[in-house]
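For reference, structure.txt is printed below; it contains compact mmCIF, C-alpha atoms.
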# COMPACT_ATOMS: atom_id res chain seq x y z
CA MET A 312 0.00 0.00 0.00
CA THR A 313 1.31 3.46 -0.91
CA PHE A 314 0.10 6.43 1.10
CA PRO A 315 1.34 10.05 1.13
CA THR A 316 2.58 11.16 4.55
CA PRO A 317 3.82 14.47 6.03
CA ILE A 318 5.94 12.89 8.74
CA VAL A 319 9.39 13.32 7.14
CA SER A 320 9.33 17.13 7.11
CA ALA A 321 7.84 17.33 10.61
CA LEU A 322 10.39 14.94 12.05
CA SER A 323 13.36 16.60 10.33
CA LYS A 324 12.52 19.92 12.00
CA SER A 325 12.21 18.24 15.39
CA PHE A 326 15.46 16.32 14.98
CA THR A 327 17.31 19.52 14.03
CA LYS A 328 16.12 21.10 17.27
CA VAL A 329 17.12 18.05 19.29
CA LEU A 330 20.62 17.92 17.74
CA MET A 331 21.19 21.62 18.44
CA GLU A 332 20.17 21.21 22.07
CA ASN A 333 22.43 18.15 22.46
CA LYS A 334 25.42 19.15 20.32
CA ASN A 335 27.84 18.90 23.28
CA LYS A 336 26.84 15.32 24.12
CA LYS A 337 29.28 12.63 22.98
CA ASN A 338 27.41 9.48 23.84
CA ALA A 339 25.52 8.29 20.75
CA GLU A 340 23.38 5.89 22.77
CA GLU A 341 22.17 8.70 25.02
CA GLU A 342 21.32 10.83 22.00
CA CYS A 343 19.52 7.89 20.44
CA SER A 344 17.49 7.41 23.65
CA ILE A 345 16.49 11.08 23.76
CA ASP A 346 15.66 11.05 20.05
CA GLY A 347 13.53 7.96 20.60
CA ASP A 348 11.44 9.74 23.24
CA ILE A 349 11.03 12.79 21.05
CA LEU A 350 10.15 10.60 18.08
CA ALA A 351 7.47 8.74 20.06
CA SER A 352 6.02 12.07 21.21
CA ILE A 353 5.82 13.39 17.65
CA LEU A 354 4.34 10.17 16.31
CA SER A 355 1.57 10.23 18.94
CA SER A 356 0.16 13.36 17.28
CA LEU A 357 -0.02 11.82 13.80
CA PRO A 358 -3.09 10.19 12.16
CA LEU A 359 -3.29 6.40 12.26
CA LEU A 360 -2.60 5.91 8.55
CA ASP A 361 0.60 7.95 8.83
CA LEU A 362 1.62 5.83 11.82
CA ASP A 363 1.31 2.73 9.67
CA SER A 364 3.65 4.31 7.10
CA ALA A 365 6.10 5.20 9.89
CA CYS A 366 6.25 1.55 11.02
CA HIS A 367 8.04 0.60 7.80
CA VAL A 368 10.80 3.25 7.95
CA SER A 369 13.13 1.32 10.28
CA LYS A 370 13.16 -0.92 13.35
CA SER A 371 13.68 2.07 15.67
CA TRP A 372 10.74 3.89 14.10
CA ASN A 373 8.62 0.77 14.43
CA ARG A 374 9.44 0.63 18.17
CA ALA A 375 8.70 4.35 18.52
CA VAL A 376 5.29 3.88 16.89
CA PHE A 377 4.29 1.29 19.46
CA PHE A 378 5.58 3.46 22.32
CA SER A 379 3.51 6.34 20.92
CA LEU A 380 0.30 4.29 21.03
CA ASN A 381 0.16 4.77 24.82
CA ARG A 382 -0.20 8.53 24.26
CA LEU A 383 -2.82 8.40 21.51
CA LYS A 384 -6.28 9.84 22.09
CA SER A 385 -9.29 8.04 20.70
CA THR A 386 -9.90 8.52 16.98
CA PRO A 387 -13.63 8.48 16.19
CA TRP A 388 -14.01 8.04 12.43
CA LEU A 389 -17.24 8.78 10.58
CA PHE A 390 -18.30 6.20 7.97
CA LEU A 391 -20.59 6.47 4.93
CA TYR A 392 -21.75 3.12 3.51
CA LYS A 393 -23.78 2.71 0.31
CA GLN A 394 -26.49 0.11 -0.28
CA ARG A 395 -28.83 -0.64 -3.18
CA THR A 396 -32.40 0.55 -2.62
CA HIS A 397 -33.97 -2.48 -4.32
CA PRO A 398 -33.39 -6.25 -4.08
CA PRO A 399 -30.85 -7.67 -3.74
CA TYR A 400 -29.89 -5.10 -1.09
CA THR A 401 -26.16 -5.45 -1.69
CA MET A 402 -23.64 -3.23 0.08
CA ALA A 403 -21.15 -1.43 -2.15
CA ALA A 404 -17.55 -2.62 -2.06
CA THR A 405 -16.42 1.00 -1.60
CA ALA A 406 -17.22 3.18 1.43
CA THR A 407 -16.00 6.58 2.63
CA ALA A 408 -14.62 7.54 6.03
CA TYR A 409 -13.69 10.85 7.66
CA ASP A 410 -10.66 10.88 9.97
CA PRO A 411 -10.94 13.94 12.27
CA LYS A 412 -7.28 13.82 13.24
CA SER A 413 -6.05 14.34 9.69
CA GLU A 414 -9.28 16.11 8.61
CA ARG A 415 -9.27 13.94 5.48
CA TRP A 416 -11.91 11.90 3.67
CA ILE A 417 -10.63 8.41 2.91
CA GLU A 418 -12.04 5.91 0.44
CA LEU A 419 -12.24 2.34 1.73
CA THR A 420 -12.32 -0.51 -0.75
CA THR A 421 -12.75 -4.14 0.20
CA ALA A 422 -11.42 -6.98 -1.91
CA SER A 423 -14.43 -9.13 -1.07
CA SER A 424 -16.85 -9.55 -3.97
CA SER A 425 -19.77 -10.65 -1.80
CA SER A 426 -21.97 -8.33 0.25
CA PRO A 427 -22.43 -9.16 3.96
CA VAL A 428 -26.18 -8.41 3.79
CA GLU A 429 -27.03 -9.62 0.28
CA HIS A 430 -30.68 -10.63 -0.18
CA VAL A 431 -31.50 -9.11 3.21
CA SER A 432 -33.54 -5.99 3.91
CA ALA A 433 -32.13 -2.47 4.16
CA ALA A 434 -29.27 -2.02 6.62
CA ARG A 435 -29.58 0.59 9.37
CA SER A 436 -27.31 2.18 11.95
CA SER A 437 -28.04 2.50 15.66
CA HIS A 438 -26.25 4.17 18.59
CA SER A 439 -23.32 5.10 16.35
CA THR A 440 -21.35 1.85 16.11
CA LEU A 441 -24.05 -0.76 15.37
CA LEU A 442 -25.08 -1.68 11.82
CA TYR A 443 -27.90 -4.19 11.42
CA ALA A 444 -30.31 -5.68 8.89
CA LEU A 445 -33.46 -7.67 9.64
CA SER A 446 -35.40 -10.04 7.37
CA PRO A 447 -37.75 -13.00 7.91
CA ALA A 448 -34.74 -15.29 7.30
CA ARG A 449 -32.14 -13.84 9.70
CA PHE A 450 -30.86 -10.90 11.73
CA SER A 451 -27.45 -9.60 10.63
CA PHE A 452 -25.34 -7.13 12.59
CA SER A 453 -21.82 -5.69 12.72
CA LEU A 454 -19.95 -4.01 15.58
CA ASP A 455 -16.28 -3.94 14.56
CA ALA A 456 -14.68 -0.59 13.77
CA PHE A 457 -14.67 -0.91 9.97
CA HIS A 458 -17.75 -3.17 9.84
CA LEU A 459 -15.89 -5.85 7.92
CA THR A 460 -17.32 -8.68 10.04
CA TRP A 461 -21.05 -9.42 10.02
CA ARG A 462 -22.67 -11.87 12.39
CA HIS A 463 -25.87 -13.68 11.43
CA VAL A 464 -28.43 -15.00 13.92
CA ALA A 465 -31.95 -16.34 13.79
CA PRO A 466 -34.73 -13.84 12.94
CA THR A 467 -36.81 -12.38 15.76
CA ARG A 468 -39.89 -14.33 16.82
CA VAL A 469 -42.07 -11.27 16.22
CA TRP A 470 -42.27 -9.97 12.65
CA ARG A 471 -40.88 -6.44 12.54
CA ILE A 472 -40.40 -3.77 9.87
CA ASP A 473 -38.89 -0.71 11.58
CA PRO A 474 -37.63 -1.70 15.06
CA ILE A 475 -35.06 -0.06 17.29
CA ALA A 476 -32.00 -2.22 17.95
CA ALA A 477 -29.06 -2.07 20.32
CA VAL A 478 -26.23 -4.20 21.64
CA VAL A 479 -25.69 -3.79 25.38
CA GLY A 480 -22.76 -5.84 26.61
CA ARG A 481 -23.34 -9.34 25.22
CA ARG A 482 -27.07 -8.85 24.62
CA LEU A 483 -28.75 -7.89 21.37
CA ILE A 484 -32.04 -6.05 21.98
CA VAL A 485 -34.78 -5.46 19.39
CA ALA A 486 -37.94 -3.51 20.28
CA GLY A 487 -41.00 -2.11 18.52
CA GLY A 488 -41.38 -1.69 14.76
CA VAL A 489 -43.89 -4.55 14.81
CA CYS A 490 -46.13 -5.44 11.84
CA GLU A 491 -49.83 -4.59 12.22
CA PHE A 492 -51.10 -8.16 12.42
CA GLU A 493 -48.94 -9.00 15.49
CA ASP A 494 -50.68 -8.93 18.89
CA ASP A 495 -48.12 -6.88 20.83
CA ARG A 496 -47.07 -3.70 19.00
CA LEU A 497 -44.61 -2.93 21.84
CA ALA A 498 -42.90 -6.34 21.87
CA VAL A 499 -39.26 -6.55 23.02
CA GLU A 500 -36.89 -9.45 22.39
CA LEU A 501 -33.36 -10.17 23.62
CA LEU A 502 -30.65 -12.51 22.34
CA ASP A 503 -27.43 -13.46 24.13
CA VAL A 504 -24.74 -13.08 21.44
CA GLY A 505 -21.81 -13.69 23.77
CA SER A 506 -22.38 -17.40 24.36
CA GLY A 507 -20.32 -18.41 21.32
CA ASP A 508 -23.10 -20.54 19.80
CA GLU A 509 -25.23 -17.96 18.03
CA GLU A 510 -26.92 -20.45 15.70
CA GLU A 511 -28.41 -22.28 18.69
CA ALA A 512 -29.24 -19.14 20.69
CA ALA A 513 -32.95 -18.32 21.03
CA TRP A 514 -34.67 -14.97 21.33
CA GLU A 515 -36.27 -14.23 24.72
CA ARG A 516 -39.40 -12.16 25.15
CA CYS A 517 -38.98 -9.32 27.65
CA GLU A 518 -41.27 -6.79 29.26
CA SER A 519 -42.95 -4.80 26.50
CA MET A 520 -42.13 -1.17 25.88
CA PRO A 521 -44.03 1.31 28.13
CA GLN A 522 -47.49 2.42 26.96
CA CYS A 523 -46.23 6.01 26.75
CA LEU A 524 -44.38 4.93 23.59
CA SER A 525 -47.37 3.17 21.98
CA GLY A 526 -47.80 5.83 19.30
CA SER A 527 -44.13 5.96 18.34
CA ALA A 528 -42.63 2.49 18.83
CA SER A 529 -40.30 2.44 15.82
CA SER A 530 -36.87 3.74 14.83
CA THR A 531 -38.53 6.51 12.78
CA TRP A 532 -39.81 8.21 15.93
CA LEU A 533 -37.36 7.07 18.61
CA SER A 534 -33.70 7.81 19.35
CA VAL A 535 -31.49 5.25 21.11
CA ALA A 536 -28.35 5.59 23.23
CA VAL A 537 -26.37 2.77 24.87
CA SER A 538 -24.07 2.82 27.89
CA ALA A 539 -22.09 -0.08 29.36
CA GLY A 540 -25.17 -1.77 30.82
CA THR A 541 -28.29 0.20 29.85
CA MET A 542 -30.29 1.25 26.80
CA TYR A 543 -31.94 4.69 26.80
CA VAL A 544 -34.81 5.52 24.47
CA THR A 545 -36.46 8.90 23.89
CA GLU A 546 -39.30 10.00 21.67
CA LYS A 547 -37.82 12.50 19.23
CA ARG A 548 -40.82 14.86 19.29
CA SER A 549 -42.15 14.86 22.85
CA GLY A 550 -38.99 13.98 24.76
CA VAL A 551 -40.69 11.12 26.64
CA ALA A 552 -37.81 8.91 27.81
CA CYS A 553 -37.42 5.35 29.11
CA ARG A 554 -34.59 3.10 30.19
CA PHE A 555 -34.25 -0.64 29.56
CA ASP A 556 -32.19 -2.90 31.85
CA PRO A 557 -31.11 -6.10 30.02
CA GLU A 558 -30.34 -7.81 33.34
CA THR A 559 -33.90 -7.53 34.68
CA LYS A 560 -35.41 -7.35 31.17
CA SER A 561 -37.61 -4.49 32.36
CA TRP A 562 -38.30 -0.82 31.63
CA THR A 563 -38.18 2.30 33.78
CA GLU A 564 -39.97 5.48 32.73
CA LEU A 565 -37.92 8.66 33.11
CA LEU A 566 -38.79 12.34 33.16
CA ASP A 567 -39.10 14.04 29.79
CA PHE A 568 -35.89 14.97 28.01
CA SER A 569 -37.06 18.60 27.77
CA PRO A 570 -34.81 21.31 29.24
CA ASP A 571 -36.64 24.08 31.11
CA GLY A 572 -37.14 27.28 29.16
CA CYS A 573 -36.14 25.74 25.82
CA ARG A 574 -38.74 24.68 23.23
CA LEU A 575 -37.61 21.71 21.15
CA TYR A 576 -39.53 20.11 18.32
CA SER A 577 -37.06 17.24 17.77
CA ARG A 578 -34.14 15.68 19.62
CA ALA A 579 -31.65 12.81 19.44
CA ILE A 580 -29.46 11.20 22.10
CA GLY A 581 -26.10 9.43 22.23
CA PHE A 582 -23.29 8.46 24.60
CA ALA A 583 -19.79 9.94 24.50
CA GLY A 584 -17.85 7.74 26.90
CA ASN A 585 -20.08 7.52 29.98
CA ARG A 586 -21.81 10.85 29.30
CA LEU A 587 -25.38 10.87 27.99
CA LEU A 588 -25.69 13.67 25.44
CA MET A 589 -28.72 15.16 23.71
CA ALA A 590 -28.98 17.35 20.61
CA GLY A 591 -32.22 19.27 20.09
CA ILE A 592 -33.64 21.49 17.34
CA THR A 593 -35.18 24.73 18.62
CA GLY A 594 -37.87 26.83 16.94
CA ASP A 595 -40.44 25.46 14.50
CA GLU A 596 -40.08 22.74 11.91
CA ASP A 597 -40.55 25.25 9.07
CA ASP A 598 -38.17 27.72 10.68
CA PRO A 599 -35.58 26.10 12.99
CA THR A 600 -33.72 28.68 15.05
CA GLY A 601 -30.83 26.55 16.25
CA ILE A 602 -29.43 23.26 17.46
CA GLU A 603 -28.43 23.02 21.11
CA LEU A 604 -26.54 20.22 22.85
CA TRP A 605 -26.65 19.16 26.50
CA GLU A 606 -25.28 16.55 28.84
CA VAL A 607 -28.19 14.82 30.60
CA VAL A 608 -27.49 14.00 34.26
CA VAL A 609 -29.81 12.04 36.56
CA VAL A 610 -29.80 13.81 39.95
CA PRO A 611 -31.23 12.23 43.15
CA ALA A 612 -34.07 14.26 44.69
CA GLU A 613 -36.41 13.95 47.67
CA SER A 614 -39.31 12.99 45.43
CA GLY A 615 -37.23 10.46 43.49
CA LYS A 616 -34.95 11.61 40.68
CA ARG A 617 -34.78 14.61 38.40
CA LEU A 618 -32.94 15.36 35.20
CA LYS A 619 -30.34 18.08 34.95
CA PHE A 620 -29.39 19.50 31.57
CA GLU A 621 -25.91 20.99 31.35
CA SER A 622 -25.31 22.95 28.13
CA ILE A 623 -22.21 21.80 26.23
CA GLY A 624 -22.54 23.90 23.08
CA SER A 625 -24.65 25.57 20.39
CA MET A 626 -24.24 24.82 16.71
CA PRO A 627 -22.96 27.93 14.85
CA GLU A 628 -25.52 29.50 12.51
CA GLU A 629 -23.45 28.85 9.40
CA CYS A 630 -23.29 25.13 10.27
CA LEU A 631 -27.07 25.04 10.81
CA GLU A 632 -27.64 26.58 7.38
CA ARG A 633 -25.39 23.97 5.80
CA LEU A 634 -27.29 21.23 7.63
CA ARG A 635 -30.67 22.54 6.43
CA GLY A 636 -29.53 23.01 2.85
CA ILE A 637 -30.12 26.56 1.67
CA ASP A 638 -31.74 25.48 -1.62
CA SER A 639 -33.76 22.67 -0.09
CA ASP A 640 -37.56 22.84 0.11
CA TRP A 641 -37.67 20.09 2.74
CA PRO A 642 -37.99 21.10 6.42
CA LEU A 643 -35.44 19.99 8.98
CA ALA A 644 -37.79 17.47 10.61
CA SER A 645 -35.23 15.56 12.69
CA ILE A 646 -31.52 15.06 13.12
CA ALA A 647 -29.29 12.03 13.51
CA PHE A 648 -26.65 12.23 16.21
CA ASP A 649 -23.49 10.12 16.48
CA ALA A 650 -21.18 10.50 19.46
CA VAL A 651 -18.00 8.51 20.06
CA GLY A 652 -15.00 9.45 22.17
CA ASP A 653 -14.44 13.20 21.97
CA MET A 654 -16.30 13.77 18.67
CA VAL A 655 -19.93 14.35 17.79
CA TYR A 656 -21.46 14.26 14.30
CA VAL A 657 -24.88 15.67 13.36
CA HIS A 658 -26.74 15.35 10.05
CA ASN A 659 -30.24 15.64 8.64
CA ALA A 660 -32.03 12.35 9.36
CA ALA A 661 -34.20 12.65 6.24
CA GLU A 662 -31.49 13.35 3.68
CA THR A 663 -27.79 12.98 4.36
CA GLY A 664 -26.07 16.00 2.85
CA GLU A 665 -23.75 18.23 4.81
CA ILE A 666 -22.53 16.63 8.03
CA VAL A 667 -21.58 18.84 10.98
CA ALA A 668 -18.78 17.78 13.34
CA ALA A 669 -17.58 19.18 16.67
CA GLU A 670 -14.84 18.21 19.09
CA MET A 671 -15.16 17.90 22.86
CA GLU A 672 -12.64 19.79 24.99
CA GLY A 673 -13.02 20.45 28.71
CA GLY A 674 -16.56 19.10 28.64
CA LYS A 675 -17.66 21.60 25.95
CA LEU A 676 -18.03 21.35 22.19
CA CYS A 677 -15.69 23.40 20.03
CA LYS A 678 -13.98 23.35 16.62
CA TRP A 679 -17.28 23.15 14.74
CA ARG A 680 -17.01 22.36 11.05
CA THR A 681 -19.03 21.04 8.13
CA LEU A 682 -17.76 18.02 6.25
CA ARG A 683 -18.09 18.38 2.52
CA ASN A 684 -18.05 15.19 0.52
CA ALA A 685 -19.48 14.48 -2.91
CA ASP A 686 -20.63 11.02 -1.74
CA ALA A 687 -22.66 12.45 1.16
CA ARG A 688 -25.77 12.95 -1.00
CA GLY A 689 -25.65 9.49 -2.55
CA HIS A 690 -26.69 8.50 -6.03
CA ALA A 691 -29.82 7.22 -7.77
CA GLY A 692 -30.63 3.68 -6.70
CA GLU A 693 -28.46 3.92 -3.57
CA ARG A 694 -29.02 4.88 0.03
CA LEU A 695 -26.44 6.05 2.53
CA ILE A 696 -25.87 4.59 5.98
CA VAL A 697 -24.00 6.77 8.45
CA ALA A 698 -22.05 5.21 11.32
CA CYS A 699 -19.25 6.18 13.69
CA SER A 700 -16.54 4.05 15.29
CA ASP A 701 -13.61 4.60 17.61
CA VAL A 702 -10.73 3.33 15.43
CA SER A 703 -7.58 2.04 17.10
CA PHE A 704 -4.22 1.13 15.54
CA SER A 705 -5.01 -2.55 16.01
CA ASP A 706 -8.31 -2.02 14.15
CA LEU A 707 -6.34 -0.49 11.28
CA LYS A 708 -3.85 -3.39 11.15
CA ARG A 709 -6.73 -5.86 11.21
CA ALA A 710 -8.33 -4.03 8.28
CA PHE A 711 -5.09 -4.35 6.31
CA ARG A 712 -5.05 -8.10 7.00
CA ASP A 713 -8.61 -8.28 5.67
CA ASP A 714 -7.45 -6.62 2.43
CA LEU A 715 -9.17 -3.28 3.03
CA SER A 716 -7.40 -0.57 1.02
CA PHE A 717 -7.28 3.14 1.79
CA SER A 718 -6.90 6.15 -0.49
CA VAL A 719 -7.33 9.87 0.18
CA VAL A 720 -10.36 11.50 -1.45
CA ALA A 721 -9.86 14.85 -3.18
CA VAL A 722 -12.64 17.15 -1.88
What is this file in structure tokens?
Amino acid sequence: MTFPTPIVSALSKSFTKVLMENKNKKNAEEECSIDGDILASILSSLPLLDLDSACHVSKSWNRAVFFSLNRLKSTPWLFLYKQRTHPPYTMAATATAYDPKSERWIELTTASSSSPVEHVSAARSSHSTLLYALSPARFSFSLDAFHLTWRHVAPTRVWRIDPIAAVVGRRLIVAGGVCEFEDDRLAVELLDVGSGDEEEAAWERCESMPQCLSGSASSTWLSVAVSAGTMYVTEKRSGVACRFDPETKSWTELLDFSPDGCRLYSRAIGFAGNRLLMAGITGDEDDPTGIELWEVVVVPAESGKRLKFESIGSMPEECLERLRGIDSDWPLASIAFDAVGDMVYVHNAAETGEIVAAEMEGGKLCKWRTLRNADARGHAGERLIVACSDVSFSDLKRAFRDDLSFSVVAV
């Protein structure tokens, strides 16, 4: 694989400085040790693809790369996958990813000629990292960083069209989206996917979704967020929120996700680390006035619990205009919200065009920017699936072993 990298010029400047500071030292081994520390420090600030190039320079650089991995921050990449809109619903062999560290769009091409969800229904994304597809024949899902590995399990016992789905720990949860002829429109099922024998695993029926969600029990109207052991669900319009515990297989109704003094007509939730975040559109659907973001904190109170909303940022007006689409006649009905590590991504849930990104620093969002990519609007006969994954160096090396190739996209 050939890949352009800026590391040579950056390192040469740093080495010149180091040599000037240490020109009176005679011991080459000491200089080499100091240079190694400086090299590891510099490498820790480089994008992952440049680190892979650095590994092949020499043995000392290869060692420095692995020392630098201890200093690396998480790297949440945004992914755009393409799928046919009519049977067979094959996934395209080429996808696009945005690396926020290098601020580059990267084309990903797999050598595999077969689609992981061929002859299955449309694939969807959920709580950032999960991709899934459901049909009467099977349930397919993928959780790895580059979504190269798909796992296939038995279909749900209840026939569903537009359910919400989540993976919490080792449990796969599917709720709502039930066909009209089924008895329980709020049915919830759970599958243990950590047992190692997925073909023999059986779906378990759980407590049904709360009645407060009876008019909106599908992924069209609900937003999902997943922590280490809990699934949170909120109604995008009203803010009615519930929590599902996979251990007890039961639901708890929460207070509305509606900050005091702020009128929202749509919202979406997600987890960044262990922080529950919410993005909400203010104003009216025909005339949105802004997009605000909060951290949602459950605070103990004498009468039980209350929700505290701590503002973490407001989307700049120019980013909101890009998100709406200045020439678009469609209203901004709802937004999709992906949060991983220290990055958040927001886009129009109805039509993926401009994508807005922001970085978390000191608990607040900053460095807002719009991501322009020709592929973001898709093409006739194709639909786009947006996902986000925290990519590590080991994920990248695994992708190389699976023959995934990378090339920079000219924007």
Looking at all atoms listed in the file, which of A:Ala668, A:Ala661, A:Leu442, A:Leu391 is the one that sits closest to Leu419 of chain A?
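Distance minimum relative to Leu419 of chain A lands on A:Leu391.
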Using all atoms listed in the file - which residues lie no farther than 9 Å from the point (1.9, 11.9, 18.6) in the file's frame? Write them as a PyMOL selection string.
chain A and resi 350-358+376+379-380+382-383
Residue with the minimum atom-to-atom distance to Val607 of chain A, picked from A:Ser577, A:Met626, A:Leu502, A:Phe568 with all atoms listed in the file counted, is A:Phe568
Between atom CA of Gly584 of chain A and atom CA of Met654 of chain A, what is the distance in Å, rounded to a tenth?
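A separation of 10.3 Å between them.
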What does the distance from atom CA of Tyr543 of chain A to atom CA of Ile472 of chain A come to in Å, to one decimal?
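A separation of 20.7 Å between them.
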Neighbours of Ala710 of chain A within 10 Å (only C-alpha atoms; same-chain residues fewer than 6 positions away dropped), as a list in words?
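So the residues in contact are Leu419, Thr421, Ala456, Phe457, His458, Leu459, Phe704, Ser716 and Phe717 of chain A.
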Using all atoms listed in the file, determine which residues lie at most 6 Å from Arg481 of chain A, disregarding the query and same-chain residues fewer than 6 positions distant; provide the list as a ChimeraX atom specification.
/A:503-505
Atomic separation - atom CA of Leu497 of chain A relative to atom CA of Arg554 of chain A, Å:
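Between atom CA of Arg554 of chain A and atom CA of Leu497 of chain A the gap works out to 14.4 Å.
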Do a neighbour search on Ser525 of chain A at 10 Å with only C-alpha atoms, toss out local chain neighbours closer than 4 positions, and write the hits as a PyMOL selection string.
chain A and resi 487+496-497+520-521+529
Which residues come within 7 Å of Tyr656 of chain A, counting only C-alpha atoms, excluding same-chain residues fewer than 3 positions away, as a ChimeraX atom specification?
/A:648-650,666-669
Write the selection just made, keeping C-alpha atoms, as a PDB file, in the frame of the given file?
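Final file, result07.pdb:
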ATOM      1  CA  PHE A 648     -26.650  12.230  16.210  1.00  0.00           C
ATOM      2  CA  ASP A 649     -23.490  10.120  16.480  1.00  0.00           C
ATOM      3  CA  ALA A 650     -21.180  10.500  19.460  1.00  0.00           C
ATOM      4  CA  ILE A 666     -22.530  16.630   8.030  1.00  0.00           C
ATOM      5  CA  VAL A 667     -21.580  18.840  10.980  1.00  0.00           C
ATOM      6  CA  ALA A 668     -18.780  17.780  13.340  1.00  0.00           C
ATOM      7  CA  ALA A 669     -17.580  19.180  16.670  1.00  0.00           C
TER       8      ALA A 669
END
For a quick check of understanding, using all atoms listed in the file, which of A:Ser534, A:Thr593, A:Ser625, A:Thr420 has the smallest distance to Ser437 of chain A?
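Looking only at the distances to Ser437 of chain A, the closest residue turns out to be A:Ser534.
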When you count all atoms listed in the file, which of these residues is closest to Ser622 of chain A: A:Ala528, A:Val551, A:Val368, A:Met589?
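Under the stated criterion, the closest residue is A:Met589.
Of the listed residues A:Lys619, A:Arg516, A:Arg709, A:Arg633, the one whose atoms come nearest to Leu682 of chain A is A:Arg633, with distances taken using only C-alpha atoms.
Comparing the minimum interatomic distances between Asp701 of chain A and each of A:Cys366, A:Val464, A:Leu359, A:Cys523, counting only C-alpha atoms, we find that A:Leu359 sits nearest.
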What would the list of residues within 10 Å of (-17.8, 25.7, 18.4) (file frame) look like as a ChimeraX atom specification, if all atoms listed in the file are what count?
/A:623-627,630,668-671,675-680
